[in-house]
>>> print(open('target08.tsv').read())   # TSV, C-alpha atoms
chain	number	residue	atom	x	y	z
L	1	MET	CA	0.00	0.00	0.00
L	2	THR	CA	1.32	3.42	-0.94
L	3	ALA	CA	0.29	6.34	1.23
L	4	ASP	CA	-1.89	9.04	-0.31
L	5	THR	CA	0.70	11.79	-0.63
L	6	ASP	CA	-0.33	13.02	-4.08
L	7	GLY	CA	-3.76	14.33	-3.21
L	8	SER	CA	-5.54	11.56	-5.14
L	9	GLY	CA	-7.82	10.82	-2.21
L	10	ALA	CA	-7.07	7.08	-2.26
L	11	GLY	CA	-7.88	5.38	1.02
L	12	ALA	CA	-6.11	2.58	2.84
L	13	GLY	CA	-5.89	-0.86	1.33
L	14	GLU	CA	-7.33	-4.01	2.90
L	15	LEU	CA	-5.04	-6.77	4.09
L	16	ALA	CA	-6.58	-10.25	4.20
L	17	PRO	CA	-6.03	-12.16	7.47
L	18	ALA	CA	-4.32	-14.98	5.55
L	19	ALA	CA	-1.90	-12.47	4.03
L	20	LEU	CA	-1.07	-11.07	7.48
L	21	ARG	CA	-0.51	-14.60	8.76
L	22	GLY	CA	1.83	-15.25	5.83
L	23	ARG	CA	3.93	-12.19	6.67
L	24	LEU	CA	4.11	-13.12	10.33
L	25	ALA	CA	4.91	-16.77	9.61
L	26	ALA	CA	7.76	-15.62	7.37
L	27	GLY	CA	9.11	-13.48	10.22
L	28	ASP	CA	8.48	-10.20	8.45
L	29	PRO	CA	8.39	-7.24	10.86
L	30	VAL	CA	4.82	-5.97	11.20
L	31	THR	CA	3.46	-3.04	13.20
L	32	LEU	CA	-0.05	-3.76	14.38
L	33	LEU	CA	-2.08	-0.77	15.54
L	34	ASP	CA	-4.87	-2.14	17.74
L	35	VAL	CA	-7.73	0.36	18.13
L	36	ARG	CA	-9.96	-1.82	20.33
L	37	ASN	CA	-10.59	-0.91	23.95
L	38	ARG	CA	-8.15	-2.13	26.57
L	39	GLU	CA	-10.42	-4.87	27.88
L	40	GLU	CA	-10.74	-6.38	24.40
L	41	VAL	CA	-7.00	-6.22	23.84
L	42	GLU	CA	-6.23	-7.87	27.17
L	43	ARG	CA	-8.75	-10.62	26.50
L	44	TRP	CA	-7.09	-11.80	23.29
L	45	ARG	CA	-4.73	-10.58	20.63
L	46	ILE	CA	-2.70	-11.65	17.62
L	47	GLU	CA	0.57	-13.26	18.70
L	48	ALA	CA	3.81	-13.50	16.68
L	49	PRO	CA	7.52	-12.93	17.43
L	50	SER	CA	7.97	-10.39	14.60
L	51	LEU	CA	4.94	-8.35	15.63
L	52	THR	CA	5.23	-4.88	17.19
L	53	ARG	CA	1.94	-3.99	18.85
L	54	VAL	CA	0.75	-0.42	19.39
L	55	HIS	CA	-2.51	0.24	21.25
L	56	VAL	CA	-4.45	3.46	20.71
L	57	PRO	CA	-8.25	3.27	21.24
L	58	TYR	CA	-10.47	4.23	18.32
L	59	MET	CA	-12.11	7.07	20.26
L	60	LYS	CA	-8.79	8.93	20.38
L	61	PHE	CA	-8.53	8.80	16.60
L	62	LEU	CA	-12.13	9.94	16.34
L	63	ALA	CA	-11.33	12.99	18.46
L	64	ALA	CA	-8.04	13.67	16.66
L	65	GLY	CA	-9.79	13.61	13.30
L	66	VAL	CA	-11.79	16.63	14.40
L	67	SER	CA	-9.35	18.63	16.50
L	68	GLY	CA	-5.83	17.36	15.98
L	69	ASP	CA	-3.21	15.49	14.00
L	70	VAL	CA	-3.67	11.71	14.08
L	71	THR	CA	0.08	11.20	13.73
L	72	ASP	CA	0.52	12.70	17.22
L	73	LEU	CA	-1.16	9.56	18.61
L	74	LEU	CA	1.55	7.25	17.25
L	75	PRO	CA	5.00	6.56	18.71
L	76	ALA	CA	7.84	8.46	17.09
L	77	GLY	CA	9.58	6.50	14.35
L	78	ILE	CA	6.80	3.93	14.00
L	79	ARG	CA	7.69	1.26	11.44
L	80	GLU	CA	5.59	1.24	8.29
L	81	PRO	CA	3.43	-0.20	6.93
L	82	VAL	CA	1.04	-0.09	9.85
L	83	VAL	CA	-1.73	-2.71	9.96
L	84	VAL	CA	-4.80	-1.43	11.83
L	85	VAL	CA	-7.15	-3.85	13.61
L	86	CYS	CA	-10.48	-3.56	15.47
L	87	PRO	CA	-13.20	-6.13	16.29
L	88	HIS	CA	-14.85	-6.30	12.85
L	89	GLY	CA	-12.75	-4.17	10.50
L	90	GLU	CA	-14.97	-1.09	10.37
L	91	ALA	CA	-13.46	1.31	12.91
L	92	SER	CA	-9.98	0.22	11.85
L	93	ALA	CA	-10.82	1.05	8.21
L	94	GLU	CA	-11.61	4.64	9.27
L	95	VAL	CA	-8.35	4.90	11.21
L	96	ALA	CA	-6.31	3.44	8.36
L	97	ASP	CA	-7.84	5.99	5.98
L	98	GLN	CA	-6.93	8.79	8.43
L	99	LEU	CA	-3.34	7.56	8.58
L	100	VAL	CA	-3.02	7.35	4.81
L	101	ALA	CA	-4.41	10.88	4.48
L	102	ALA	CA	-1.71	11.99	6.93
L	103	GLY	CA	1.01	10.40	4.80
L	104	ILE	CA	1.47	7.13	6.70
L	105	ASP	CA	1.58	3.80	4.88
L	106	ALA	CA	-1.33	1.94	6.51
L	107	GLU	CA	-3.54	-1.05	5.79
L	108	ASN	CA	-6.75	-2.26	7.37
L	109	LEU	CA	-7.02	-5.86	8.54
L	110	ALA	CA	-10.08	-7.07	6.63
L	111	GLY	CA	-12.77	-8.34	8.98
L	112	GLY	CA	-10.78	-7.31	12.04
L	113	MET	CA	-10.29	-9.82	14.85
L	114	GLU	CA	-13.38	-11.67	13.65
L	115	GLY	CA	-11.67	-12.21	10.31
L	116	TRP	CA	-8.55	-13.41	12.14
L	117	ALA	CA	-10.67	-15.88	14.12
L	118	ARG	CA	-12.03	-17.36	10.88
L	119	LEU	CA	-8.60	-18.45	9.68
L	120	TYR	CA	-8.46	-22.26	9.62
L	121	ASP	CA	-5.59	-24.25	8.11
L	122	ARG	CA	-5.46	-27.89	7.02
L	123	THR	CA	-2.16	-29.75	6.66
L	124	ALA	CA	-1.34	-33.44	6.26
L	125	VAL	CA	0.14	-35.11	9.35
L	126	ALA	CA	0.69	-38.64	8.04
L	127	GLU	CA	-0.18	-40.57	4.91
L	128	GLY	CA	-0.70	-44.27	4.29
L	129	ASP	CA	-3.81	-46.34	3.81
L	130	ALA	CA	-5.25	-43.55	5.95
L	131	THR	CA	-4.33	-39.90	5.64
L	132	VAL	CA	-4.54	-37.82	8.82
L	133	TYR	CA	-5.02	-34.08	8.40
L	134	GLN	CA	-4.65	-31.48	11.14
L	135	TYR	CA	-6.86	-28.39	11.29
L	136	ARG	CA	-5.39	-25.41	13.11
L	137	ARG	CA	-7.08	-22.18	14.19
L	138	PRO	CA	-4.25	-19.64	14.62
L	139	ALA	CA	-6.41	-17.27	16.68
L	140	SER	CA	-6.87	-19.73	19.54
L	141	GLY	CA	-4.55	-22.67	18.93
L	142	CYS	CA	-7.49	-25.11	18.70
L	143	LEU	CA	-6.59	-28.22	16.70
L	144	GLY	CA	-8.92	-30.71	15.04
L	145	TYR	CA	-8.36	-33.65	12.74
L	146	ALA	CA	-9.71	-35.49	9.73
L	147	VAL	CA	-8.98	-39.15	9.12
L	148	VAL	CA	-9.56	-40.05	5.47
L	149	ALA	CA	-9.47	-43.61	4.13
L	150	GLY	CA	-11.35	-45.72	1.59
L	151	GLY	CA	-13.59	-42.88	0.49
L	152	GLU	CA	-14.70	-42.02	4.03
L	153	MET	CA	-13.77	-39.24	6.44
L	154	ALA	CA	-14.02	-38.89	10.22
L	155	VAL	CA	-13.61	-35.44	11.77
L	156	VAL	CA	-12.30	-35.39	15.34
L	157	ASP	CA	-12.95	-32.35	17.54
L	158	PRO	CA	-14.75	-30.29	14.89
L	159	LEU	CA	-15.56	-26.66	15.57
L	160	ARG	CA	-19.10	-25.51	14.92
L	161	ALA	CA	-17.82	-22.39	13.16
L	162	PHE	CA	-16.23	-24.52	10.42
L	163	VAL	CA	-18.88	-27.11	9.58
L	164	ASP	CA	-19.07	-25.90	5.98
L	165	ARG	CA	-15.29	-26.18	5.72
L	166	TYR	CA	-15.33	-29.87	6.69
L	167	ARG	CA	-18.06	-30.52	4.15
L	168	SER	CA	-16.18	-28.80	1.34
L	169	ASP	CA	-12.91	-30.53	2.26
L	170	ALA	CA	-14.61	-33.94	2.25
L	171	ALA	CA	-15.98	-33.22	-1.21
L	172	ALA	CA	-12.57	-32.08	-2.44
L	173	LEU	CA	-10.96	-35.24	-1.04
L	174	GLY	CA	-13.61	-37.48	-2.60
L	175	ALA	CA	-14.81	-38.74	0.77
L	176	ASP	CA	-18.16	-39.17	2.50
L	177	LEU	CA	-18.38	-37.85	6.05
L	178	ALA	CA	-18.80	-40.99	8.14
L	179	TYR	CA	-18.18	-39.79	11.71
L	180	ALA	CA	-18.15	-36.54	13.70
L	181	VAL	CA	-16.27	-37.20	16.94
L	182	ASP	CA	-15.43	-35.30	20.13
L	183	THR	CA	-12.63	-36.45	22.41
L	184	HIS	CA	-14.37	-34.98	25.48
L	185	LEU	CA	-16.81	-32.28	26.56
L	186	HIS	CA	-14.97	-29.13	25.54
L	187	ALA	CA	-14.88	-25.98	27.68
L	188	ASP	CA	-13.09	-23.66	25.24
L	189	HIS	CA	-15.05	-23.96	21.99
L	190	VAL	CA	-18.50	-24.88	20.76
L	191	SER	CA	-18.49	-28.42	19.39
L	192	GLY	CA	-19.39	-28.95	15.76
L	193	VAL	CA	-20.35	-32.61	16.20
L	194	ARG	CA	-24.11	-32.10	16.26
L	195	ALA	CA	-24.14	-29.56	13.42
L	196	LEU	CA	-21.83	-31.63	11.23
L	197	ALA	CA	-23.85	-34.80	11.80
L	198	SER	CA	-27.09	-32.96	11.05
L	199	ALA	CA	-25.71	-31.44	7.85
L	200	THR	CA	-24.13	-34.58	6.45
L	201	GLY	CA	-25.66	-37.68	8.03
L	202	ALA	CA	-22.34	-38.52	9.70
L	203	THR	CA	-22.61	-40.58	12.88
L	204	PRO	CA	-22.05	-38.37	15.96
L	205	VAL	CA	-19.68	-39.97	18.48
L	206	LEU	CA	-18.88	-39.13	22.10
L	207	PRO	CA	-16.78	-40.96	24.72
L	208	ARG	CA	-18.97	-42.93	27.11
L	209	GLY	CA	-17.42	-41.07	30.03
L	210	ALA	CA	-18.48	-37.74	28.54
L	211	VAL	CA	-22.07	-38.94	28.14
L	212	GLU	CA	-22.08	-40.18	31.74
L	213	ARG	CA	-21.37	-36.60	32.87
L	214	GLY	CA	-24.76	-35.66	31.46
L	215	VAL	CA	-25.64	-35.05	27.83
L	216	ASP	CA	-29.28	-34.17	27.30
L	217	ASP	CA	-29.51	-35.74	23.84
L	218	ALA	CA	-27.32	-38.75	24.67
L	219	ALA	CA	-29.49	-41.14	22.66
L	220	ALA	CA	-28.44	-39.34	19.47
L	221	PHE	CA	-24.78	-40.35	19.91
L	222	GLU	CA	-22.79	-43.49	19.35
L	223	THR	CA	-20.53	-43.90	22.37
L	224	VAL	CA	-17.04	-45.36	22.61
L	225	ALA	CA	-14.87	-46.53	25.49
L	226	ASP	CA	-11.27	-47.65	25.76
L	227	GLY	CA	-10.48	-50.23	23.09
L	228	ASP	CA	-13.57	-49.62	20.97
L	229	ALA	CA	-12.97	-48.91	17.31
L	230	LEU	CA	-14.49	-46.90	14.49
L	231	ASP	CA	-14.16	-48.23	10.94
L	232	VAL	CA	-13.23	-45.40	8.59
L	233	GLY	CA	-13.04	-46.76	5.07
L	234	GLY	CA	-11.59	-50.04	6.32
L	235	VAL	CA	-9.06	-48.38	8.65
L	236	VAL	CA	-9.33	-48.90	12.39
L	237	VAL	CA	-9.52	-45.78	14.55
L	238	GLU	CA	-9.22	-47.04	18.13
L	239	ALA	CA	-10.49	-45.22	21.22
L	240	VAL	CA	-7.81	-44.83	23.91
L	241	ALA	CA	-8.81	-43.68	27.41
L	242	LEU	CA	-6.62	-40.72	28.46
L	243	PRO	CA	-8.48	-39.27	31.48
L	244	GLY	CA	-7.31	-36.43	33.68
L	245	HIS	CA	-8.37	-33.25	31.92
L	246	THR	CA	-11.87	-34.71	32.18
L	247	THR	CA	-13.02	-38.12	33.35
L	248	GLY	CA	-14.18	-38.96	29.83
L	249	MET	CA	-11.16	-37.68	27.87
L	250	THR	CA	-10.53	-40.19	25.08
L	251	GLY	CA	-7.83	-40.16	22.43
L	252	PHE	CA	-7.97	-41.94	19.09
L	253	ARG	CA	-5.19	-44.07	17.63
L	254	VAL	CA	-4.87	-44.40	13.86
L	255	GLU	CA	-2.43	-47.30	13.90
L	256	ASP	CA	-2.13	-47.48	10.11
L	257	ALA	CA	-0.74	-43.92	10.13
L	258	GLY	CA	1.19	-44.26	13.41
L	259	VAL	CA	-0.74	-41.33	14.90
L	260	LEU	CA	-2.35	-40.86	18.32
L	261	LEU	CA	-4.84	-38.01	18.59
L	262	THR	CA	-4.34	-37.07	22.24
L	263	GLY	CA	-7.08	-34.44	22.55
L	264	ASP	CA	-6.70	-32.53	25.82
L	265	SER	CA	-4.29	-34.83	27.64
L	266	LEU	CA	-0.75	-34.52	26.32
L	267	PHE	CA	0.31	-31.38	24.44
L	268	LEU	CA	3.63	-30.57	22.78
L	269	THR	CA	4.72	-28.32	25.65
L	270	GLY	CA	3.05	-30.02	28.64
L	271	VAL	CA	-0.26	-31.41	29.76
L	272	ALA	CA	-3.88	-30.35	30.01
L	273	ARG	CA	-5.45	-28.73	33.05
L	274	PRO	CA	-7.29	-31.02	35.47
L	275	ASP	CA	-9.56	-28.34	36.99
L	276	LEU	CA	-12.15	-27.49	34.31
L	277	GLN	CA	-14.62	-30.32	34.90
L	278	GLU	CA	-17.49	-29.04	37.00
L	279	GLY	CA	-17.89	-30.92	40.26
L	280	ALA	CA	-14.66	-32.91	39.96
L	281	ASP	CA	-11.75	-32.79	42.42
L	282	PRO	CA	-8.80	-31.20	40.56
L	283	GLU	CA	-6.23	-33.09	42.62
L	284	ALA	CA	-7.91	-36.43	41.91
L	285	GLN	CA	-8.09	-35.49	38.25
L	286	ALA	CA	-4.39	-34.59	38.30
L	287	ARG	CA	-3.53	-37.98	39.79
L	288	ASP	CA	-5.51	-39.60	37.00
L	289	LEU	CA	-3.65	-37.48	34.44
L	290	HIS	CA	-0.34	-38.58	35.98
L	291	ALA	CA	-1.45	-42.17	35.54
L	292	THR	CA	-2.27	-41.39	31.91
L	293	LEU	CA	1.34	-40.28	31.37
L	294	THR	CA	3.06	-42.99	33.41
L	295	ASP	CA	0.81	-45.98	32.74
L	296	ARG	CA	-1.60	-45.58	29.84
L	297	LEU	CA	0.83	-43.82	27.51
L	298	ALA	CA	3.71	-46.06	28.65
L	299	ARG	CA	2.15	-48.78	26.48
L	300	VAL	CA	2.37	-46.60	23.37
L	301	PRO	CA	5.54	-46.92	21.21
L	302	ASP	CA	8.04	-44.04	21.17
L	303	ASP	CA	7.74	-43.55	17.41
L	304	THR	CA	4.01	-42.80	17.63
L	305	LEU	CA	3.20	-39.33	16.35
L	306	VAL	CA	1.36	-37.31	19.02
L	307	ALA	CA	-1.26	-35.01	17.50
L	308	PRO	CA	-2.70	-32.88	20.35
L	309	GLY	CA	-5.94	-30.97	20.74
L	310	HIS	CA	-4.30	-27.59	21.34
L	311	VAL	CA	-1.16	-25.63	20.63
L	312	ASP	CA	-0.25	-22.09	21.60
L	313	ALA	CA	-2.03	-19.45	19.53
L	314	GLY	CA	0.29	-18.19	16.83
L	315	VAL	CA	1.28	-18.23	13.19
L	316	ASP	CA	3.56	-21.25	12.85
L	317	GLU	CA	3.16	-23.16	9.62
L	318	GLY	CA	3.06	-26.93	9.24
L	319	PRO	CA	1.45	-29.48	11.53
L	320	ALA	CA	1.87	-29.26	15.30
L	321	VAL	CA	2.96	-32.85	16.06
L	322	ALA	CA	5.86	-34.64	17.75
L	323	ARG	CA	7.06	-38.18	18.38
L	324	LEU	CA	6.00	-39.52	21.76
L	325	GLY	CA	9.59	-40.55	22.54
L	326	ASP	CA	10.79	-37.00	21.94
L	327	LEU	CA	8.13	-35.64	24.30
L	328	ARG	CA	9.14	-38.16	26.94
L	329	ASP	CA	12.73	-36.93	26.65
L	330	ARG	CA	12.09	-33.19	26.76
L	331	LEU	CA	8.98	-32.60	28.88
L	332	ALA	CA	9.58	-32.30	32.61
L	333	VAL	CA	6.14	-33.72	33.44
L	334	PHE	CA	7.28	-37.21	32.43
L	335	GLY	CA	9.97	-37.16	35.13
L	336	MET	CA	7.75	-35.93	37.97
L	337	ASP	CA	6.51	-38.15	40.73
L	338	GLU	CA	2.79	-38.00	41.49
L	339	THR	CA	3.09	-35.39	44.27
L	340	ALA	CA	5.19	-33.00	42.19
L	341	PHE	CA	2.97	-33.54	39.18
L	342	VAL	CA	-0.23	-32.76	41.09
L	343	ASP	CA	1.32	-29.56	42.43
L	344	HIS	CA	2.38	-28.55	38.91
L	345	ALA	CA	-0.85	-29.45	37.12
L	346	THR	CA	-3.18	-27.74	39.58
L	347	ARG	CA	-1.55	-24.29	39.31
L	348	ALA	CA	-4.43	-23.04	37.22
L	349	GLY	CA	-4.53	-19.77	35.34
L	350	ALA	CA	-7.53	-18.02	33.83
L	351	ASP	CA	-10.37	-20.22	32.62
L	352	PRO	CA	-11.33	-20.28	28.94
L	353	ALA	CA	-13.75	-17.48	28.10
L	354	ASN	CA	-17.39	-18.39	28.83
L	355	ALA	CA	-16.40	-21.91	29.86
L	356	ALA	CA	-19.57	-22.71	31.83
L	357	ARG	CA	-21.88	-21.66	28.98
L	358	ILE	CA	-19.80	-23.48	26.38
L	359	VAL	CA	-19.92	-26.70	28.40
L	360	ALA	CA	-23.71	-26.30	28.77
L	361	ILE	CA	-24.05	-25.89	25.00
L	362	ASN	CA	-21.84	-28.91	24.37
L	363	ARG	CA	-23.95	-30.97	26.78
L	364	GLY	CA	-27.07	-30.04	24.81
L	365	ARG	CA	-28.51	-28.01	27.68
L	366	GLU	CA	-28.44	-24.62	26.01
L	367	ALA	CA	-29.04	-23.59	22.42
L	368	VAL	CA	-27.40	-20.60	20.72
L	369	ASP	CA	-27.28	-19.48	17.12
L	370	ASP	CA	-24.12	-19.62	15.03
L	371	ASP	CA	-23.19	-15.97	15.59
L	372	GLU	CA	-23.43	-16.19	19.37
L	373	ALA	CA	-21.55	-19.50	19.40
L	374	PHE	CA	-18.74	-17.87	17.44
L	375	GLU	CA	-18.54	-14.90	19.81
L	376	LEU	CA	-18.54	-17.09	22.94
L	377	GLU	CA	-15.38	-18.95	22.02
L	378	LEU	CA	-13.21	-16.02	20.92
L	379	GLY	CA	-9.95	-15.77	22.81
L	380	PRO	CA	-7.20	-18.11	24.04
L	381	ASN	CA	-8.20	-21.68	24.89
L	382	ASN	CA	-6.43	-21.72	28.31
L	383	CYS	CA	-6.66	-25.51	28.56
L	384	ALA	CA	-2.99	-26.22	29.35
L	385	ALA	CA	-1.48	-26.63	32.82
L	386	GLY	CA	1.53	-24.71	34.06
>>> encode(input="target08.tsv", output="structure tokens")
Amino acid sequence: MTADTDGSGAGAGELAPAALRGRLAAGDPVTLLDVRNREEVERWRIEAPSLTRVHVPYMKFLAAGVSGDVTDLLPAGIREPVVVVCPHGEASAEVADQLVAAGIDAENLAGGMEGWARLYDRTAVAEGDATVYQYRRPASGCLGYAVVAGGEMAVVDPLRAFVDRYRSDAAALGADLAYAVDTHLHADHVSGVRALASATGATPVLPRGAVERGVDDAAAFETVADGDALDVGGVVVEAVALPGHTTGMTGFRVEDAGVLLTGDSLFLTGVARPDLQEGADPEAQARDLHATLTDRLARVPDDTLVAPGHVDAGVDEGPAVARLGDLRDRLAVFGMDETAFVDHATRAGADPANAARIVAINRGREAVDDDEAFELELGPNNCAAG
């Protein structure tokens, strides 16, 4: 974008969220001018090592447009171009236009933070008789998966906001949607299992332990427990009990591809929190999670590829996976005794935004429309311990 210094009256250009992500993933220096209010900024933001963040609320630009010079609101020597962001891309478009009129190279982030939250990447994790794809939402770090084999597709931990995406990907891959699966009752995002099953005829699947916590429409689901298997185009996808984050947390092993979908149990930088299940004792949950690491996962070969349910929000490219043996070697939690582990895992931070309502929705006890569901889950997932 070239600033309007010739009197042509050209306004600021629009930068697509995917283009911003590409710059940040490449390590390009970017100045992000955030014009949201402080509460919104503190709740969630775009994260990247090469990002310089400047916060000036929109109302200050509104006042400066009438009585002052908008450039006075910016730090001296600010690096250009400046990318302006607000919740939905409207206020930031006004600010970007003001900056261009003042001779500053500025762009508006199209769709604002909502546009950023709609970014959703799909990359292949492993290929064989079954291909495992990872879905990543950079805004929150939420990960989901598709297992594709023999003309069928199972989606694990789908997000309601991306039901149409799973449908279009299945069509592009020449697969019928056979299963929509959750690893547990999520507290950080609205599940897409019901919506995906309704839209496609896929069989909705929940762990038996999740249903036992109370799911109002339990009869609509096929349930699985440890050792049960789903047949996806002739490939076995085996349920593996990995409790601790919740009593019903269940991973899924795609042995043909050498992949274990660990959901919210083992992450690439640590383990899941044990304190988000309503009514459960966090210390007891932490002991169960320790047993998951030291007993249940001890039976899994080192060369198994761990594909977790979350990763830190950010702009990294490529799948977020690691060999189980490598995680055993580098993560401190594998060397902790039970007492030390419980102390570590129960040092909880902030809960996911709107966790209680999201759990109620995912249990079928509350209904919201798509727009409200999308708004409820915005922000960091906050499901990791430590």
>>> residues_around(input="target08.tsv", residues="Ala25 (chain L)", least_positions_apart="6", cutoff="7 Å", atoms="only C-alpha atoms", output="ChimeraX atom specification")
/L:315-317
>>> write_last_selection(input="target08.tsv", atoms="C-alpha atoms", output="PDB file, in the frame of the given file")
ATOM      1  CA  VAL L 315       1.280 -18.230  13.190  1.00  0.00           C
ATOM      2  CA  ASP L 316       3.560 -21.250  12.850  1.00  0.00           C
ATOM      3  CA  GLU L 317       3.160 -23.160   9.620  1.00  0.00           C
TER       4      GLU L 317
END
>>> residues_near_point(input="target08.tsv", point="(-6.5, -33.0, 24.7)", cutoff="10 Å", atoms="all atoms listed in the file", output="PDB file with C-alpha atoms, in the frame of the given file")
ATOM      1  CA  CYS L 142      -7.490 -25.110  18.700  1.00  0.00           C
ATOM      2  CA  LEU L 143      -6.590 -28.220  16.700  1.00  0.00           C
ATOM      3  CA  ASP L 157     -12.950 -32.350  17.540  1.00  0.00           C
ATOM      4  CA  THR L 183     -12.630 -36.450  22.410  1.00  0.00           C
ATOM      5  CA  HIS L 184     -14.370 -34.980  25.480  1.00  0.00           C
ATOM      6  CA  HIS L 186     -14.970 -29.130  25.540  1.00  0.00           C
ATOM      7  CA  LEU L 242      -6.620 -40.720  28.460  1.00  0.00           C
ATOM      8  CA  PRO L 243      -8.480 -39.270  31.480  1.00  0.00           C
ATOM      9  CA  GLY L 244      -7.310 -36.430  33.680  1.00  0.00           C
ATOM     10  CA  HIS L 245      -8.370 -33.250  31.920  1.00  0.00           C
ATOM     11  CA  THR L 246     -11.870 -34.710  32.180  1.00  0.00           C
ATOM     12  CA  MET L 249     -11.160 -37.680  27.870  1.00  0.00           C
ATOM     13  CA  THR L 250     -10.530 -40.190  25.080  1.00  0.00           C
ATOM     14  CA  GLY L 251      -7.830 -40.160  22.430  1.00  0.00           C
ATOM     15  CA  LEU L 261      -4.840 -38.010  18.590  1.00  0.00           C
ATOM     16  CA  THR L 262      -4.340 -37.070  22.240  1.00  0.00           C
ATOM     17  CA  GLY L 263      -7.080 -34.440  22.550  1.00  0.00           C
ATOM     18  CA  ASP L 264      -6.700 -32.530  25.820  1.00  0.00           C
ATOM     19  CA  SER L 265      -4.290 -34.830  27.640  1.00  0.00           C
ATOM     20  CA  LEU L 266      -0.750 -34.520  26.320  1.00  0.00           C
ATOM     21  CA  PHE L 267       0.310 -31.380  24.440  1.00  0.00           C
ATOM     22  CA  VAL L 271      -0.260 -31.410  29.760  1.00  0.00           C
ATOM     23  CA  ALA L 272      -3.880 -30.350  30.010  1.00  0.00           C
ATOM     24  CA  ARG L 273      -5.450 -28.730  33.050  1.00  0.00           C
ATOM     25  CA  ALA L 307      -1.260 -35.010  17.500  1.00  0.00           C
ATOM     26  CA  PRO L 308      -2.700 -32.880  20.350  1.00  0.00           C
ATOM     27  CA  GLY L 309      -5.940 -30.970  20.740  1.00  0.00           C
ATOM     28  CA  HIS L 310      -4.300 -27.590  21.340  1.00  0.00           C
ATOM     29  CA  VAL L 311      -1.160 -25.630  20.630  1.00  0.00           C
ATOM     30  CA  CYS L 383      -6.660 -25.510  28.560  1.00  0.00           C
ATOM     31  CA  ALA L 384      -2.990 -26.220  29.350  1.00  0.00           C
TER      32      ALA L 384
END
>>> atom_distance(input="target08.tsv", atom1="CA of Ala202 (chain L)", atom2="CA of Ala154 (chain L)")
8.3 Å
>>> closest_residue(input="target08.tsv", among="L:Asp369, L:Glu14, L:Glu94, L:Asp182", to="Gly115 (chain L)", atoms="only C-alpha atoms")
L:Glu14
>>> residues_around(input="target08.tsv", residues="Arg45 (chain L)", least_positions_apart="4", cutoff="8 Å", atoms="all atoms listed in the file", output="short mmCIF file (atom, residue, chain, number, x, y, z; two decimals) with C-alpha atoms, keeping the file's coordinate frame")
data_model
loop_
_atom_site.label_atom_id
_atom_site.label_comp_id
_atom_site.auth_asym_id
_atom_site.auth_seq_id
_atom_site.Cartn_x
_atom_site.Cartn_y
_atom_site.Cartn_z
CA VAL L 41 -7.00 -6.22 23.84
CA ALA L 139 -6.41 -17.27 16.68
CA GLY L 379 -9.95 -15.77 22.81
#
>>> closest_residue(input="target08.tsv", among="L:Ala241, L:Val156, L:Leu230, L:Ala348", to="Ala210 (chain L)", atoms="all atoms listed in the file")
L:Ala241
>>> residues_around(input="target08.tsv", residues="Ala91 (chain L)", least_positions_apart="3", cutoff="8 Å", atoms="all atoms listed in the file", output="JSON, numbers by chain")
{"L": [35, 58, 86, 88, 94, 95]}
